[in-house]
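S.K.: data.tsv is the file, holding TSV, C-alpha atoms:
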chain	number	residue	atom	x	y	z
T	1	MET	CA	-47.18	-10.76	50.79
T	2	SER	CA	-50.11	-8.35	50.98
T	3	LYS	CA	-50.75	-5.75	48.32
T	4	ILE	CA	-49.64	-2.23	49.26
T	5	LYS	CA	-52.08	0.30	47.81
T	6	ASN	CA	-51.28	3.50	49.70
T	7	ILE	CA	-48.01	4.53	51.39
T	8	GLY	CA	-47.72	7.36	53.90
T	9	VAL	CA	-44.50	9.38	54.08
T	10	LEU	CA	-43.25	11.91	56.64
T	11	THR	CA	-40.11	13.70	57.80
T	12	SER	CA	-39.40	14.00	61.50
T	13	GLY	CA	-36.81	15.48	63.87
T	14	GLY	CA	-34.09	17.82	62.62
T	15	ASP	CA	-34.14	18.63	58.92
T	16	SER	CA	-31.24	17.63	56.69
T	17	PRO	CA	-30.29	18.45	53.08
T	18	GLY	CA	-31.58	15.69	50.82
T	19	MET	CA	-34.88	15.06	52.59
T	20	ASN	CA	-36.75	16.53	49.64
T	21	ALA	CA	-34.84	14.28	47.26
T	22	ALA	CA	-35.90	11.31	49.39
T	23	ILE	CA	-39.56	12.40	49.38
T	24	ARG	CA	-39.39	12.79	45.61
T	25	ALA	CA	-37.96	9.29	45.20
T	26	VAL	CA	-40.61	7.74	47.45
T	27	VAL	CA	-43.43	9.44	45.55
T	28	ARG	CA	-42.13	8.62	42.08
T	29	ALA	CA	-41.26	5.02	42.94
T	30	SER	CA	-44.73	4.54	44.45
T	31	ILE	CA	-46.39	5.90	41.33
T	32	TYR	CA	-44.20	3.63	39.19
T	33	TYR	CA	-45.51	0.62	41.14
T	34	ASP	CA	-49.09	1.90	40.95
T	35	ILE	CA	-49.26	2.85	44.62
T	36	GLU	CA	-50.88	6.00	46.02
T	37	VAL	CA	-48.85	8.27	48.29
T	38	THR	CA	-50.00	10.44	51.19
T	39	GLY	CA	-47.67	13.00	52.74
T	40	PHE	CA	-48.09	13.93	56.39
T	41	ILE	CA	-47.22	17.45	57.53
T	42	ARG	CA	-44.88	18.06	60.49
T	43	GLY	CA	-43.91	14.46	61.09
T	44	TYR	CA	-45.77	12.39	63.66
T	45	GLU	CA	-47.81	15.46	64.58
T	46	GLY	CA	-49.36	15.18	61.12
T	47	LEU	CA	-50.41	11.59	61.81
T	48	ILE	CA	-52.10	12.60	65.06
T	49	ASN	CA	-53.68	15.82	63.76
T	50	ASN	CA	-54.80	14.26	60.48
T	51	ASP	CA	-52.79	16.87	58.59
T	52	PHE	CA	-51.97	15.36	55.20
T	53	ILE	CA	-51.78	15.96	51.46
T	54	PRO	CA	-52.21	13.49	48.59
T	55	MET	CA	-48.97	13.46	46.58
T	56	ASP	CA	-48.35	13.02	42.87
T	57	ARG	CA	-45.64	13.80	40.32
T	58	LYS	CA	-46.49	17.48	40.34
T	59	SER	CA	-46.17	17.78	44.12
T	60	VAL	CA	-42.51	16.68	43.99
T	61	ALA	CA	-41.50	18.54	40.82
T	62	ASN	CA	-38.43	20.78	41.12
T	63	ILE	CA	-37.61	19.88	44.73
T	64	ILE	CA	-34.55	17.63	44.37
T	65	GLN	CA	-32.22	20.62	44.68
T	66	ARG	CA	-33.99	22.23	47.65
T	67	GLY	CA	-32.84	22.00	51.26
T	68	GLY	CA	-35.21	21.51	54.17
T	69	THR	CA	-38.37	19.47	53.68
T	70	ILE	CA	-41.59	20.34	51.86
T	71	LEU	CA	-43.49	18.16	54.35
T	72	LYS	CA	-42.17	20.22	57.28
T	73	THR	CA	-40.86	18.53	60.40
T	74	ALA	CA	-41.38	18.57	64.14
T	75	ARG	CA	-40.76	16.62	67.30
T	76	SER	CA	-44.01	15.20	68.68
T	77	GLU	CA	-44.56	14.83	72.41
T	78	ALA	CA	-48.04	13.41	71.77
T	79	PHE	CA	-46.59	10.52	69.74
T	80	ARG	CA	-44.61	9.46	72.82
T	81	THR	CA	-47.91	8.48	74.47
T	82	VAL	CA	-50.00	5.37	73.83
T	83	GLU	CA	-53.04	7.57	73.23
T	84	GLY	CA	-51.23	9.65	70.63
T	85	ARG	CA	-49.97	6.62	68.74
T	86	LYS	CA	-53.44	5.05	68.84
T	87	THR	CA	-54.91	8.18	67.27
T	88	ALA	CA	-52.22	8.09	64.58
T	89	TYR	CA	-52.98	4.44	63.83
T	90	GLU	CA	-56.71	5.07	63.57
T	91	ASN	CA	-56.12	7.98	61.20
T	92	LEU	CA	-53.90	5.84	58.97
T	93	LYS	CA	-56.43	3.03	58.81
T	94	ALA	CA	-59.31	5.44	58.13
T	95	LYS	CA	-57.45	6.73	55.05
T	96	GLY	CA	-56.68	3.24	53.80
T	97	ILE	CA	-52.93	3.67	54.22
T	98	ASP	CA	-51.17	0.30	54.29
T	99	ALA	CA	-47.59	1.25	55.20
T	100	LEU	CA	-45.44	4.15	56.32
T	101	ILE	CA	-42.03	5.53	55.34
T	102	VAL	CA	-40.37	7.79	57.92
T	103	ILE	CA	-37.36	9.96	57.16
T	104	GLY	CA	-35.26	11.07	60.13
T	105	GLY	CA	-32.77	10.03	62.79
T	106	ASP	CA	-32.64	8.03	65.99
T	107	GLY	CA	-35.63	9.76	67.62
T	108	THR	CA	-37.73	9.18	64.52
T	109	PHE	CA	-36.77	5.51	64.40
T	110	THR	CA	-37.40	5.02	68.11
T	111	GLY	CA	-40.99	6.17	67.61
T	112	ALA	CA	-41.37	4.14	64.44
T	113	ASN	CA	-40.09	1.00	66.14
T	114	ILE	CA	-42.58	1.29	69.00
T	115	PHE	CA	-45.47	2.14	66.68
T	116	SER	CA	-44.74	-0.70	64.25
T	117	LYS	CA	-44.65	-3.32	67.01
T	118	GLU	CA	-47.59	-1.86	68.94
T	119	PHE	CA	-50.00	-2.01	66.02
T	120	ASP	CA	-48.31	-4.53	63.72
T	121	PHE	CA	-48.13	-1.81	61.09
T	122	PRO	CA	-45.49	-1.87	58.30
T	123	VAL	CA	-42.94	0.94	58.73
T	124	VAL	CA	-39.52	1.42	57.15
T	125	GLY	CA	-37.13	4.32	57.67
T	126	LEU	CA	-34.68	6.41	55.69
T	127	PRO	CA	-31.65	7.82	57.56
T	128	GLY	CA	-32.13	11.58	57.30
T	129	THR	CA	-29.72	13.31	59.70
T	130	ILE	CA	-26.60	15.41	59.28
T	131	ASP	CA	-24.89	13.66	62.21
T	132	ASN	CA	-24.21	10.32	60.44
T	133	ASP	CA	-24.74	8.64	63.82
T	134	LEU	CA	-26.78	5.61	62.72
T	135	ALA	CA	-25.45	2.09	62.27
T	136	GLY	CA	-26.40	0.24	59.10
T	137	THR	CA	-25.37	2.86	56.56
T	138	ASP	CA	-22.01	4.30	55.55
T	139	PHE	CA	-23.55	7.76	55.21
T	140	THR	CA	-26.83	9.33	56.27
T	141	ILE	CA	-28.81	11.68	54.04
T	142	GLY	CA	-27.51	15.21	54.70
T	143	TYR	CA	-24.13	14.35	56.18
T	144	ASP	CA	-22.12	15.07	53.04
T	145	SER	CA	-23.89	18.40	52.55
T	146	ALA	CA	-23.27	19.40	56.18
T	147	ILE	CA	-19.54	18.67	56.14
T	148	ASN	CA	-19.13	20.52	52.84
T	149	THR	CA	-20.91	23.52	54.37
T	150	VAL	CA	-18.45	23.39	57.28
T	151	ILE	CA	-15.48	23.17	54.93
T	152	ASP	CA	-16.66	26.15	52.90
T	153	ALA	CA	-17.18	28.23	56.07
T	154	VAL	CA	-13.84	27.29	57.65
T	155	ASP	CA	-11.94	27.96	54.42
T	156	ARG	CA	-13.31	31.51	54.60
T	157	ILE	CA	-12.45	31.78	58.29
T	158	ARG	CA	-8.87	30.71	57.59
T	159	ASP	CA	-8.46	33.65	55.19
T	160	THR	CA	-9.08	35.97	58.13
T	161	ALA	CA	-7.04	33.82	60.50
T	162	GLU	CA	-4.00	34.03	58.25
T	163	SER	CA	-4.42	37.75	57.65
T	164	HIS	CA	-4.35	38.45	61.40
T	165	ASP	CA	-2.24	35.53	62.73
T	166	ARG	CA	-5.24	34.35	64.72
T	167	LEU	CA	-6.23	31.15	66.46
T	168	PHE	CA	-9.82	30.23	65.59
T	169	ILE	CA	-11.90	27.73	67.55
T	170	VAL	CA	-14.80	26.68	65.33
T	171	GLU	CA	-17.75	24.81	66.82
T	172	VAL	CA	-19.75	22.47	64.59
T	173	MET	CA	-22.89	20.44	65.24
T	174	GLY	CA	-22.68	17.06	66.91
T	175	ARG	CA	-24.24	16.87	70.37
T	176	ASP	CA	-23.70	13.12	70.72
T	177	SER	CA	-21.47	12.44	67.73
T	178	GLY	CA	-18.22	13.97	66.51
T	179	LEU	CA	-18.44	12.70	62.95
T	180	ILE	CA	-19.10	16.13	61.40
T	181	ALA	CA	-16.10	17.55	63.26
T	182	LEU	CA	-13.94	14.54	62.35
T	183	ARG	CA	-14.28	14.64	58.57
T	184	SER	CA	-14.59	18.38	58.16
T	185	GLY	CA	-11.58	18.90	60.44
T	186	ILE	CA	-9.47	16.64	58.26
T	187	GLY	CA	-10.83	18.34	55.16
T	188	VAL	CA	-9.83	21.85	56.30
T	189	GLY	CA	-6.46	20.82	57.70
T	190	ALA	CA	-7.31	21.66	61.30
T	191	GLU	CA	-4.52	21.66	63.88
T	192	ALA	CA	-6.75	19.78	66.32
T	193	ILE	CA	-10.22	18.21	66.41
T	194	MET	CA	-12.18	17.80	69.64
T	195	ILE	CA	-14.92	15.16	69.58
T	196	PRO	CA	-16.78	13.26	72.32
T	197	GLU	CA	-15.45	9.91	71.10
T	198	ALA	CA	-11.77	10.87	71.41
T	199	ASN	CA	-11.74	12.04	75.06
T	200	MET	CA	-9.48	14.93	74.11
T	201	ASN	CA	-9.48	17.83	76.56
T	202	ALA	CA	-8.09	21.34	76.68
T	203	ASP	CA	-4.76	20.09	78.08
T	204	ASP	CA	-4.30	17.98	74.96
T	205	ILE	CA	-4.90	21.07	72.81
T	206	LEU	CA	-2.39	23.04	74.88
T	207	HIS	CA	0.17	20.29	74.31
T	208	LYS	CA	-0.46	20.37	70.56
T	209	LEU	CA	-0.07	24.13	70.42
T	210	GLU	CA	3.16	24.04	72.43
T	211	HIS	CA	4.66	21.53	70.01
T	212	SER	CA	3.23	22.95	66.78
T	213	ARG	CA	5.10	24.85	64.10
T	214	ARG	CA	5.90	28.35	65.33
T	215	ASP	CA	6.05	29.74	61.81
T	216	LYS	CA	2.46	28.85	60.94
T	217	ALA	CA	0.38	32.02	60.59
T	218	SER	CA	-3.05	30.61	61.43
T	219	LYS	CA	-4.38	27.80	63.56
T	220	ILE	CA	-7.82	26.20	63.33
T	221	ILE	CA	-9.33	23.99	66.02
T	222	ILE	CA	-12.60	22.20	65.27
T	223	VAL	CA	-14.82	21.41	68.26
T	224	ALA	CA	-17.98	19.28	68.23
T	225	GLU	CA	-20.73	20.93	70.27
T	226	GLY	CA	-21.02	17.81	72.44
T	227	ASP	CA	-17.34	17.76	73.39
T	228	ASP	CA	-16.77	17.05	77.08
T	229	THR	CA	-14.80	20.27	77.63
T	230	GLY	CA	-17.97	22.31	77.20
T	231	GLY	CA	-17.93	23.64	73.66
T	232	ALA	CA	-15.91	26.18	71.73
T	233	PHE	CA	-16.33	29.14	74.10
T	234	ARG	CA	-15.02	27.15	77.06
T	235	VAL	CA	-12.07	25.91	75.01
T	236	GLY	CA	-11.43	29.49	73.91
T	237	GLU	CA	-11.40	30.73	77.51
T	238	ILE	CA	-8.88	28.06	78.55
T	239	LEU	CA	-6.57	28.72	75.62
T	240	GLN	CA	-6.74	32.50	76.01
T	241	ALA	CA	-5.82	32.22	79.68
T	242	LYS	CA	-2.84	29.97	78.89
T	243	TYR	CA	-1.72	31.85	75.78
T	244	PRO	CA	-2.72	35.51	76.18
T	245	HIS	CA	-0.40	36.40	73.29
T	246	TYR	CA	-2.65	34.48	70.88
T	247	ASP	CA	-5.39	36.49	69.18
T	248	THR	CA	-8.07	33.88	69.88
T	249	LYS	CA	-11.51	33.95	68.26
T	250	VAL	CA	-14.52	31.65	68.53
T	251	SER	CA	-16.98	30.96	65.72
T	252	ILE	CA	-20.18	28.92	66.14
T	253	LEU	CA	-21.41	27.68	62.77
T	254	GLY	CA	-24.78	26.53	64.13
T	255	HIS	CA	-27.77	25.77	61.94
T	256	ILE	CA	-26.21	26.83	58.64
T	257	GLN	CA	-24.98	23.23	58.56
T	258	ARG	CA	-28.53	21.96	58.19
T	259	GLY	CA	-29.64	24.30	55.43
T	260	GLY	CA	-28.78	24.87	51.82
T	261	LYS	CA	-28.80	22.80	48.67
T	262	PRO	CA	-27.87	19.13	49.08
T	263	THR	CA	-24.71	17.94	47.40
T	264	CYS	CA	-24.84	15.55	44.46
T	265	MET	CA	-23.86	12.70	46.77
T	266	ASP	CA	-26.82	13.37	49.08
T	267	ARG	CA	-29.25	13.73	46.18
T	268	VAL	CA	-28.16	10.39	44.70
T	269	LEU	CA	-28.12	8.62	48.07
T	270	ALA	CA	-31.59	9.91	48.95
T	271	SER	CA	-32.92	8.82	45.57
T	272	GLN	CA	-31.46	5.32	45.88
T	273	LEU	CA	-32.78	4.82	49.40
T	274	GLY	CA	-36.21	6.27	48.58
T	275	VAL	CA	-36.76	3.80	45.76
T	276	ALA	CA	-35.40	0.95	47.90
T	277	ALA	CA	-37.84	1.85	50.71
T	278	VAL	CA	-40.87	1.47	48.46
T	279	GLU	CA	-39.58	-1.80	47.04
T	280	ALA	CA	-38.86	-3.07	50.56
T	281	LEU	CA	-42.46	-2.46	51.65
T	282	ILE	CA	-43.74	-4.22	48.53
T	283	LYS	CA	-41.61	-7.24	49.48
T	284	GLY	CA	-43.02	-7.25	53.01
T	285	GLU	CA	-40.15	-5.68	54.97
T	286	ASN	CA	-41.07	-4.01	58.26
T	287	GLY	CA	-39.33	-2.32	61.18
T	288	VAL	CA	-36.08	-1.65	59.32
T	289	MET	CA	-33.93	1.27	58.26
T	290	ILE	CA	-32.89	1.30	54.61
T	291	GLY	CA	-29.17	2.04	54.34
T	292	GLN	CA	-26.21	1.68	52.03
T	293	VAL	CA	-23.05	-0.18	53.04
T	294	ASN	CA	-20.20	-0.68	50.58
T	295	ARG	CA	-22.54	0.61	47.83
T	296	GLU	CA	-25.10	-2.10	48.54
T	297	ILE	CA	-28.61	-1.54	49.91
T	298	VAL	CA	-29.01	-3.14	53.34
T	299	PHE	CA	-31.83	-3.42	55.88
T	300	THR	CA	-31.08	-2.83	59.56
T	301	PRO	CA	-33.68	-3.32	62.33
T	302	PHE	CA	-34.57	-0.01	63.95
T	303	GLU	CA	-33.29	-1.06	67.37
T	304	HIS	CA	-29.86	-1.85	65.90
T	305	ALA	CA	-29.62	1.34	63.87
T	306	ILE	CA	-30.36	3.66	66.79
T	307	LYS	CA	-27.31	5.00	68.63
T	308	HIS	CA	-25.09	2.13	67.63
T	309	ILE	CA	-22.37	4.04	65.81
T	310	ASP	CA	-20.03	1.71	63.95
T	311	ALA	CA	-16.58	1.65	65.55
T	312	GLU	CA	-15.01	2.13	62.12
T	313	LYS	CA	-16.63	5.55	61.83
T	314	VAL	CA	-14.46	6.87	64.68
T	315	SER	CA	-11.46	4.58	64.72
T	316	THR	CA	-8.02	5.12	66.22
T	317	LYS	CA	-6.68	5.16	62.66
T	318	TRP	CA	-8.64	8.34	61.94
T	319	LEU	CA	-7.38	9.97	65.13
T	320	LYS	CA	-3.77	9.00	64.41
T	321	MET	CA	-4.07	10.42	60.90
T	322	ILE	CA	-5.16	13.76	62.37
T	323	ASP	CA	-2.02	13.83	64.53
T	324	ILE	CA	0.19	13.00	61.55
T	325	LEU	CA	-1.34	15.61	59.25
T	326	SER	CA	-1.27	18.39	61.85
T	327	PHE	CA	2.40	17.80	62.76
For this file, write the structure as structure tokens.
M.R.:
Amino acid sequence: MSKIKNIGVLTSGGDSPGMNAAIRAVVRASIYYDIEVTGFIRGYEGLINNDFIPMDRKSVANIIQRGGTILKTARSEAFRTVEGRKTAYENLKAKGIDALIVIGGDGTFTGANIFSKEFDFPVVGLPGTIDNDLAGTDFTIGYDSAINTVIDAVDRIRDTAESHDRLFIVEVMGRDSGLIALRSGIGVGAEAIMIPEANMNADDILHKLEHSRRDKASKIIIVAEGDDTGGAFRVGEILQAKYPHYDTKVSILGHIQRGGKPTCMDRVLASQLGVAAVEALIKGENGVMIGQVNREIVFTPFEHAIKHIDAEKVSTKWLKMIDILSF
């Protein structure tokens, strides 16, 4: 077990609430174990461009409550090339950095997995994505904040829906995963939830509306942006054509789901995983995502964490519960 003297940390891909809390935990845990920390700006681009800052207690003061990421983030085309990764490796070695902690989602971990194996360099990851679409952790950093943002927005939309007897189709983020739509839809009492995993189409929504309570003033349908029908506007067009008597409106929540202060749950989760990441590197772990399952810290190899959504996260039990509650 070699001695880790300097750890690099970066955030990559889409930002998520709680990334700053994770950075803070990595920095403070490293200092606790007498390890230096170097932060790289704009993800893997920072590794390639040698854009970095030494980090200490002061650099992470008063950031636990802030959304976004103080290290900035980006998607790096250069890091997809052998030449780009070689430059990144040479820059890390020149600075005396012994290991790397990356905070992001499946794209981040794909790059980390290749880099770690290519250069036999210690890398561990923290699941920072609002989509919750990684295996090996019950929740990703930012997911709880995102679904609470959706709930707050839809609660406000329902006030208008009830005032005007309107049907609202609300689109939430989730290009490849419907987990934001699933939980937030249950949380707001939606009449229907359309997610890629459920294979529900506009005909299913029409059936639900035809058999729903006639006396209910408002109706909310939650649609994941990656739904096979084509998103909220397409669903709205189909429903308006079938039910012209409905006052149908479409609302796209968009990037507000990524921003804002992280919830307490995300702050605590990010802090736990950040400390665990530093301790994992000290113990010699490599090529793994640090997650939490049943309140226990677990290590999952990058290749298993990427796009291997646990079946339990979108089970038939969840979908049946939606039908029962919207009856």
S.K.: Restricting the calculation to all atoms listed in the file, which member of T:Phe302, T:Tyr246, T:Trp318, T:Phe139 is positioned closest to T:Ala112?
M.R.: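 Selected residue with least distance to T:Ala112: T:Phe302.
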S.K.: So how many Å separate atom CA of T:Asn286 and atom CA of T:Leu126, to one decimal?
M.R.: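 Separation between atom CA of T:Asn286 and atom CA of T:Leu126: 12.5 Å.
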S.K.: Please measure the separation of atom CA of T:Ala135 and atom CA of T:Glu285, giving the value in Å to one decimal.
M.R.: 18.2 Å
S.K.: Between T:Ala202, T:Met173, T:Val82, T:Ile23, which residue has the minimum interatomic distance to T:Ile63, considering only C-alpha atoms?
M.R.: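 The closest residue to T:Ile63 is T:Ile23.
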S.K.: Identify which of the residues T:Arg75, T:Arg183, T:Lys317, T:Lys261 lies closest to T:Arg42, counting all atoms listed in the file when measuring atom-to-atom distances.
M.R.: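 Looking at the shortest contact to T:Arg42, the residue is T:Arg75.
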S.K.: So that I can see what lies close to stretch 1-16 of chain T, please list as an NGL selection string the residues with an atom at most 7 Å from it, counting all atoms listed in the file and leaving out residues fewer than 2 positions away in the same chain.
M.R.: :T and (18-19 or 35-44 or 68-69 or 71-75 or 96-105 or 107-108 or 128-130 or 141-142 or 258-259 or 282-284)
S.K.: Dump C-alpha atoms for the selected residues as a short mmCIF file (atom, residue, chain, number, x, y, z; two decimals), keeping the file's coordinate frame?
M.R.:
data_model
loop_
_atom_site.label_atom_id
_atom_site.label_comp_id
_atom_site.auth_asym_id
_atom_site.auth_seq_id
_atom_site.Cartn_x
_atom_site.Cartn_y
_atom_site.Cartn_z
CA GLY T 18 -31.58 15.69 50.82
CA MET T 19 -34.88 15.06 52.59
CA ILE T 35 -49.26 2.85 44.62
CA GLU T 36 -50.88 6.00 46.02
CA VAL T 37 -48.85 8.27 48.29
CA THR T 38 -50.00 10.44 51.19
CA GLY T 39 -47.67 13.00 52.74
CA PHE T 40 -48.09 13.93 56.39
CA ILE T 41 -47.22 17.45 57.53
CA ARG T 42 -44.88 18.06 60.49
CA GLY T 43 -43.91 14.46 61.09
CA TYR T 44 -45.77 12.39 63.66
CA GLY T 68 -35.21 21.51 54.17
CA THR T 69 -38.37 19.47 53.68
CA LEU T 71 -43.49 18.16 54.35
CA LYS T 72 -42.17 20.22 57.28
CA THR T 73 -40.86 18.53 60.40
CA ALA T 74 -41.38 18.57 64.14
CA ARG T 75 -40.76 16.62 67.30
CA GLY T 96 -56.68 3.24 53.80
CA ILE T 97 -52.93 3.67 54.22
CA ASP T 98 -51.17 0.30 54.29
CA ALA T 99 -47.59 1.25 55.20
CA LEU T 100 -45.44 4.15 56.32
CA ILE T 101 -42.03 5.53 55.34
CA VAL T 102 -40.37 7.79 57.92
CA ILE T 103 -37.36 9.96 57.16
CA GLY T 104 -35.26 11.07 60.13
CA GLY T 105 -32.77 10.03 62.79
CA GLY T 107 -35.63 9.76 67.62
CA THR T 108 -37.73 9.18 64.52
CA GLY T 128 -32.13 11.58 57.30
CA THR T 129 -29.72 13.31 59.70
CA ILE T 130 -26.60 15.41 59.28
CA ILE T 141 -28.81 11.68 54.04
CA GLY T 142 -27.51 15.21 54.70
CA ARG T 258 -28.53 21.96 58.19
CA GLY T 259 -29.64 24.30 55.43
CA ILE T 282 -43.74 -4.22 48.53
CA LYS T 283 -41.61 -7.24 49.48
CA GLY T 284 -43.02 -7.25 53.01
#
S.K.: Hey, can you check how far atom CA of T:Met289 sits from atom CA of T:Gly274?
M.R.: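 So the answer is 11.1 Å.
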S.K.: Taking only C-alpha atoms into account, which of T:Asp106, T:Glu77, T:Glu279, T:Asp131 comes nearest T:Ala29?
M.R.: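 The closest residue to T:Ala29 is T:Glu279.
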S.K.: Find the residues around T:Val298 up to 9 Å (only C-alpha atoms counted), leave out those fewer than 6 positions away in its own chain, and share them as a ChimeraX atom specification.
M.R.: /T:136-137,289-292
S.K.: Would you mind listing what lies within 6 Å of T:Val170 as a ChimeraX atom specification, with all atoms listed in the file counted and same-chain residues fewer than 5 positions away left out?
M.R.: /T:222,250-252
S.K.: Write a file of the just-selected residues containing C-alpha atoms, as a PDB file, keeping the file's coordinate frame.
M.R.:
ATOM      1  CA  ILE T 222     -12.600  22.200  65.270  1.00  0.00           C
ATOM      2  CA  VAL T 250     -14.520  31.650  68.530  1.00  0.00           C
ATOM      3  CA  SER T 251     -16.980  30.960  65.720  1.00  0.00           C
ATOM      4  CA  ILE T 252     -20.180  28.920  66.140  1.00  0.00           C
TER       5      ILE T 252
END
S.K.: Given the choices T:Pro122, T:Pro262, T:Gly231, T:Gly189, which gets closest to T:Asp155 if the distance is worked out from all atoms listed in the file?
M.R.: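 Checking each candidate against T:Asp155, we get T:Gly189 as the closest.
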S.K.: I'd like the contact shell of T:Val223 - 10 Å cut-off, all atoms listed in the file, skipping same-chain residues fewer than 2 positions apart - returned as a ChimeraX atom specification.
M.R.: /T:169-174,178,180-182,185,192-196,220-221,225-227,229-233,235,252
S.K.: Would you mind listing what lies within 12 Å of T:Tyr32 as a list in words, with all atoms listed in the file counted and same-chain residues fewer than 4 positions away left out?
M.R.: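 Returned residues: Ala25, Val26, Val27, Arg28, Glu36, Val37, Asp56, Arg57, Val275, Val278 and Glu279 of chain T.
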S.K.: Rank T:Asp203, T:Asp165, T:Glu83, T:Glu197 by their smallest atom-to-atom distance to T:Phe115, using all atoms listed in the file, and report the top residue only.
M.R.: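 Between T:Asp203, T:Asp165, T:Glu83, T:Glu197, the residue approaching T:Phe115 most closely is T:Glu83.
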